[in-house]
Amino acid sequence: MDFAFSNANEQFRSEIREFLEVNVSDGIRAEMAASAAGESLGPLTKALIVAIGERGWIGMSWPEEYGGRNADLIDQYIFEEELARARVPLNLGNFIEQAPAIMVAGTEAQKRYFIPRMVRGEVTFALGYSEPSGGTDLASLKTRAVAQDDGFVINGQKVFTTRAEQSSHIYLMARTDPDAARHDGISIFLVPMDTPGITVLPLHTLPGGRTNQVFFDDVRVPQEALLGERNRGWYIGAAALNLGRAGARRYCVYVSPFEDLLQYVREEPNGQALARDPLVRDRVAELYCEAQVARLFTMRSLSMVRRGMNPPYEISSEKVWGPEFQVKTTEYASQILGDYHQLWEGDLAPSDGSFPRQYVGAMVSTFGHGSTQVMRNAIASRGLGLPKSR
């Protein structure tokens with residue numbers, strides 16, 4: 001099956017590219033590099049996000065009553081794809097995960113407060129799921145939210161909370177009934193990051209970026225911070241996570257190392273005609289075919305979501321293939337580039353040292369947003385009807 005875009009879709013893509021070419025300056029690139037290294041978003045980058053919001057591109061597929069444009073999800077996909085490829089640090093998780101969850105499970109007051117502000121780029125969410133003792137097993141979380149007076153008191157710790165230092169809110173999963181079954185008794189809260197009792201400490205990663213650990217010490221939130229029904233947060237979060245695994249944002253993460261490698265071998269770096277080497281051509285051709293499979297997985301998931309479905313095992317298939325393809329690409333790059341692949345900086349470092357950074361960072365995608373092992377279980381049980389392993 002060939003997934004093709006209409007002329008109108010391609011015109012919209014051209015509009016986005018022209019906008020980015022004009023508005024993404026060297027100053028913004030410098031701010032983005034600093035942000036990737038752990039600094040807060042700079043003023044030029046914030047202004048760019050506001051400009052994107054003013055064009056109505058953030059949340060364009062959302063209902064008009066909440067600030068969206070009821071646009072086709074295909075245009076939303078193209079928008080995500082172009083921003084991801086241009087390396088613009090818009091927190092795309094907002095409208096892939098949090099916004100749909102709020103529109104489905106939130107009160108009318110929550111919808112009218114959060115959604116328009118997310119459209120304008122004023123509200124951004126960090127994802128408060130992972131904990132030090134739980135790994136990818138979210139059902140083992142220990143952060144507690146105890147009902148008290150007309151709200152809740154939250155205590156606990158989250159880890160690997162990306163962009164917690166930049167976000168206005170945290171989309172927090174906490175246990176509200178410790179006696180319930182492990183997948184029950186969990187609730188989700190929409191908590192401002194400036195709430196007293198929240199402490200954010202950096203965790204610097206090997207590729208040079210930053211994530212965080214976040215501590216909650218007697219953090220008091222009102223009843224209105226609860227998203228959806230109390231003790232049903234696991235099911236809200238699971239649906240949002242599944243939708244977040246699909247889309248152009250993640251597809252571009254998976255294939256960007258391949259695209260960088262393809263561009264590099266074409267440029268005949270350091271006087272080496274790498275693209276003319278038959279072994280290199282064989283490796284690149286193999287990766288190209290697998291990149292197309294990753295694209296087809298993504299387009300199939302998008303097509304199903306576009307028709308109002310939340311496809312569990314199809315998106316899980318995408319989440320297995322994409323990260324493992326990304327890891328394979330970085331391994332092939334190390335073989336093709338040889339000793340040059342080890343250079344992180346300097347004039348001889350290929351692509352300004354992007355290849356070793358991709359190599360050490362690629363493995364994260366195999367467990368971030370759900371491990372590939374968990375995804376394989378979902379494919380087996382939901383897609384193939386196989387019994388659960390004992």
# chains A, B, ... in the order shown; residues from 1 in each chain; ligands from 1

call {"tool": "select_by_dssp", "arguments": {"residues": "stretch 162-331 of chain A", "states": "strand (DSSP E or B)", "output": "PyMOL selection string"}}
result
chain A and resi 169-175+186-192+198-204+210-222+226-227+232

call {"tool": "select_by_dssp", "arguments": {"residues": "stretch 21-242 of chain A", "states": "alpha helix (DSSP H)", "output": "VMD selection string"}}
result
chain A and resid 21 to 23 26 to 36 43 to 54 73 to 85 93 99 to 105 108 to 119 233 to 242

call {"tool": "write_last_selection", "arguments": {"atoms": "C-alpha atoms", "output": "PDB file, in the first residue's frame"}}
result
ATOM      1  CA  GLU A  21      13.498  28.787   6.976  1.00  0.00           C
ATOM      2  CA  VAL A  22      12.601  32.408   7.657  1.00  0.00           C
ATOM      3  CA  ASN A  23      12.081  32.215  11.425  1.00  0.00           C
ATOM      4  CA  ASP A  26      21.253  31.023  14.071  1.00  0.00           C
ATOM      5  CA  GLY A  27      20.403  32.553  17.439  1.00  0.00           C
ATOM      6  CA  ILE A  28      17.533  30.121  17.875  1.00  0.00           C
ATOM      7  CA  ARG A  29      19.785  27.231  16.851  1.00  0.00           C
ATOM      8  CA  ALA A  30      22.248  28.280  19.558  1.00  0.00           C
ATOM      9  CA  GLU A  31      19.451  28.451  22.120  1.00  0.00           C
ATOM     10  CA  MET A  32      18.200  25.019  21.061  1.00  0.00           C
ATOM     11  CA  ALA A  33      21.676  23.535  21.481  1.00  0.00           C
ATOM     12  CA  ALA A  34      21.910  25.073  24.950  1.00  0.00           C
ATOM     13  CA  SER A  35      18.442  23.739  25.781  1.00  0.00           C
ATOM     14  CA  ALA A  36      19.469  20.233  24.713  1.00  0.00           C
ATOM     15  CA  PRO A  43      13.718  34.067  24.671  1.00  0.00           C
ATOM     16  CA  LEU A  44      14.093  33.664  20.902  1.00  0.00           C
ATOM     17  CA  THR A  45      12.882  30.057  21.058  1.00  0.00           C
ATOM     18  CA  LYS A  46       9.932  31.006  23.251  1.00  0.00           C
ATOM     19  CA  ALA A  47       9.021  33.740  20.762  1.00  0.00           C
ATOM     20  CA  LEU A  48       9.194  31.197  17.928  1.00  0.00           C
ATOM     21  CA  ILE A  49       6.777  28.875  19.753  1.00  0.00           C
ATOM     22  CA  VAL A  50       4.390  31.781  20.312  1.00  0.00           C
ATOM     23  CA  ALA A  51       4.602  32.638  16.585  1.00  0.00           C
ATOM     24  CA  ILE A  52       3.774  29.018  15.701  1.00  0.00           C
ATOM     25  CA  GLY A  53       0.831  29.147  18.094  1.00  0.00           C
ATOM     26  CA  GLU A  54      -0.440  32.373  16.528  1.00  0.00           C
ATOM     27  CA  LEU A  73      -4.886  14.638  11.443  1.00  0.00           C
ATOM     28  CA  ILE A  74      -2.805  14.319   8.262  1.00  0.00           C
ATOM     29  CA  ASP A  75      -1.975  18.026   8.470  1.00  0.00           C
ATOM     30  CA  GLN A  76      -1.208  17.574  12.167  1.00  0.00           C
ATOM     31  CA  TYR A  77       1.178  14.761  11.192  1.00  0.00           C
ATOM     32  CA  ILE A  78       2.899  16.911   8.555  1.00  0.00           C
ATOM     33  CA  PHE A  79       3.290  19.732  11.056  1.00  0.00           C
ATOM     34  CA  GLU A  80       4.889  17.377  13.601  1.00  0.00           C
ATOM     35  CA  GLU A  81       7.157  15.880  10.947  1.00  0.00           C
ATOM     36  CA  GLU A  82       8.519  19.196   9.702  1.00  0.00           C
ATOM     37  CA  LEU A  83       9.156  20.547  13.199  1.00  0.00           C
ATOM     38  CA  ALA A  84      10.872  17.334  14.265  1.00  0.00           C
ATOM     39  CA  ARG A  85      13.103  17.312  11.199  1.00  0.00           C
ATOM     40  CA  GLY A  93       3.920  15.451  23.749  1.00  0.00           C
ATOM     41  CA  ALA A  99      -4.443  17.197  25.322  1.00  0.00           C
ATOM     42  CA  PRO A 100      -6.476  14.184  24.075  1.00  0.00           C
ATOM     43  CA  ALA A 101      -6.563  12.793  27.633  1.00  0.00           C
ATOM     44  CA  ILE A 102      -7.849  16.113  28.972  1.00  0.00           C
ATOM     45  CA  MET A 103     -10.456  16.365  26.212  1.00  0.00           C
ATOM     46  CA  VAL A 104     -11.719  12.855  26.969  1.00  0.00           C
ATOM     47  CA  ALA A 105     -11.450  12.656  30.752  1.00  0.00           C
ATOM     48  CA  GLU A 108     -15.335  21.277  31.216  1.00  0.00           C
ATOM     49  CA  ALA A 109     -13.393  23.739  33.370  1.00  0.00           C
ATOM     50  CA  GLN A 110     -10.153  21.798  32.786  1.00  0.00           C
ATOM     51  CA  LYS A 111     -10.747  21.692  29.039  1.00  0.00           C
ATOM     52  CA  ARG A 112     -11.409  25.412  28.812  1.00  0.00           C
ATOM     53  CA  TYR A 113      -8.406  26.285  30.972  1.00  0.00           C
ATOM     54  CA  PHE A 114      -5.733  23.970  29.610  1.00  0.00           C
ATOM     55  CA  ILE A 115      -6.483  23.373  25.941  1.00  0.00           C
ATOM     56  CA  PRO A 116      -6.477  27.004  24.677  1.00  0.00           C
ATOM     57  CA  ARG A 117      -3.308  27.700  26.655  1.00  0.00           C
ATOM     58  CA  MET A 118      -1.639  24.646  25.166  1.00  0.00           C
ATOM     59  CA  VAL A 119      -2.620  25.867  21.708  1.00  0.00           C
ATOM     60  CA  GLY A 233      -5.773   7.010  36.223  1.00  0.00           C
ATOM     61  CA  TRP A 234      -4.046   3.863  34.962  1.00  0.00           C
ATOM     62  CA  TYR A 235      -6.564   3.472  32.165  1.00  0.00           C
ATOM     63  CA  ILE A 236      -6.478   7.159  31.223  1.00  0.00           C
ATOM     64  CA  GLY A 237      -2.680   7.112  31.213  1.00  0.00           C
ATOM     65  CA  ALA A 238      -2.436   3.861  29.256  1.00  0.00           C
ATOM     66  CA  ALA A 239      -4.655   5.189  26.476  1.00  0.00           C
ATOM     67  CA  ALA A 240      -2.678   8.449  26.331  1.00  0.00           C
ATOM     68  CA  LEU A 241       0.660   6.593  26.273  1.00  0.00           C
ATOM     69  CA  ASN A 242      -0.513   4.400  23.433  1.00  0.00           C
TER      70      ASN A 242
END

call {"tool": "residues_around", "arguments": {"residues": "A:Ala174", "least_positions_apart": "3", "cutoff": "9 Å", "atoms": "only C-alpha atoms", "output": "NGL selection string"}}
result
:A and (128-129 or 141-145 or 154-156 or 185-189 or 233)

call {"tool": "write_last_selection", "arguments": {"atoms": "C-alpha atoms", "output": "CSV table (one decimal), in the first residue's frame"}}
result
chain,number,residue,atom,x,y,z
A,128,GLY,CA,5.5,12.4,35.7
A,129,TYR,CA,5.4,8.6,35.4
A,141,LEU,CA,4.6,3.3,41.4
A,142,LYS,CA,4.9,4.4,45.0
A,143,THR,CA,4.2,8.2,44.9
A,144,ARG,CA,1.1,8.7,47.1
A,145,ALA,CA,-1.7,11.2,46.9
A,154,ILE,CA,1.3,14.3,47.4
A,155,ASN,CA,4.6,12.7,48.5
A,156,GLY,CA,7.1,10.7,46.4
A,185,GLY,CA,-6.1,2.8,42.8
A,186,ILE,CA,-4.0,5.1,40.6
A,187,SER,CA,-5.0,8.7,39.7
A,188,ILE,CA,-3.7,11.4,37.4
A,189,PHE,CA,-3.2,15.0,38.5
A,233,GLY,CA,-5.8,7.0,36.2

call {"tool": "residues_around", "arguments": {"residues": "stretch 276-281 of chain A", "least_positions_apart": "4", "cutoff": "9 Å", "atoms": "only C-alpha atoms", "output": "number ranges by chain"}}
result
A: 265-266, 268, 285-286, 336

call {"tool": "write_last_selection", "arguments": {"atoms": "N, CA and C atoms", "output": "PDB file, in the first residue's frame"}}
result
ATOM      1  N   VAL A 265      27.404   9.918   3.889  1.00  0.00           N
ATOM      2  CA  VAL A 265      28.123   9.095   2.901  1.00  0.00           C
ATOM      3  C   VAL A 265      28.019   9.690   1.507  1.00  0.00           C
ATOM      4  N   ARG A 266      26.997  10.495   1.242  1.00  0.00           N
ATOM      5  CA  ARG A 266      26.862  11.135  -0.061  1.00  0.00           C
ATOM      6  C   ARG A 266      27.850  12.279  -0.235  1.00  0.00           C
ATOM      7  N   GLU A 268      30.960  12.453   0.493  1.00  0.00           N
ATOM      8  CA  GLU A 268      32.350  12.021   0.320  1.00  0.00           C
ATOM      9  C   GLU A 268      33.247  12.680   1.369  1.00  0.00           C
ATOM     10  N   ALA A 285      21.284   0.488   1.723  1.00  0.00           N
ATOM     11  CA  ALA A 285      20.073   0.011   1.054  1.00  0.00           C
ATOM     12  C   ALA A 285      19.222  -0.813   2.013  1.00  0.00           C
ATOM     13  N   GLU A 286      19.869  -1.629   2.820  1.00  0.00           N
ATOM     14  CA  GLU A 286      19.140  -2.421   3.816  1.00  0.00           C
ATOM     15  C   GLU A 286      18.419  -1.508   4.805  1.00  0.00           C
ATOM     16  N   ILE A 336      30.559   1.721   9.417  1.00  0.00           N
ATOM     17  CA  ILE A 336      30.870   2.437   8.185  1.00  0.00           C
ATOM     18  C   ILE A 336      31.902   3.544   8.420  1.00  0.00           C
TER      19      ILE A 336
END

call {"tool": "closest_residue", "arguments": {"among": "A:Leu296, A:Met304, A:Leu203, A:Val146", "to": "A:Leu226", "atoms": "only C-alpha atoms"}}
result
A:Val146

call {"tool": "residues_around", "arguments": {"residues": "A:Ile170", "least_positions_apart": "6", "cutoff": "12 Å", "atoms": "only C-alpha atoms", "output": "list in words"}}
result
Gly93, Asn94, Gln98, Val123, Thr124, Phe125, Ala126, Leu127, Gly128, Tyr129, Lys158, Thr161, Thr162, Arg163, Ala164, Ile188, Phe189, Leu190, Val191, Pro192, Met193, Asp194, Thr195, Ile198, Val200, Val214, Phe215, Phe216 and Ala225 of chain A

call {"tool": "atom_distance", "arguments": {"atom1": "atom CA of A:Ala333", "atom2": "atom CA of A:Glu345"}}
result
16.7 Å

call {"tool": "residues_around", "arguments": {"residues": "A:Tyr251", "least_positions_apart": "4", "cutoff": "9 Å", "atoms": "only C-alpha atoms", "output": "list in words"}}
result
Glu81, Ala246, Gly247, Val255, Ser256, Ala294, Arg295, Thr298, Glu318 and Gly322 of chain A

call {"tool": "atom_distance", "arguments": {"atom1": "atom CA of A:Arg382", "atom2": "atom CA of A:Asn310"}}
result
12.5 Å

call {"tool": "atom_distance", "arguments": {"atom1": "atom CA of A:Thr211", "atom2": "atom CA of A:Phe160"}}
result
5.3 Å
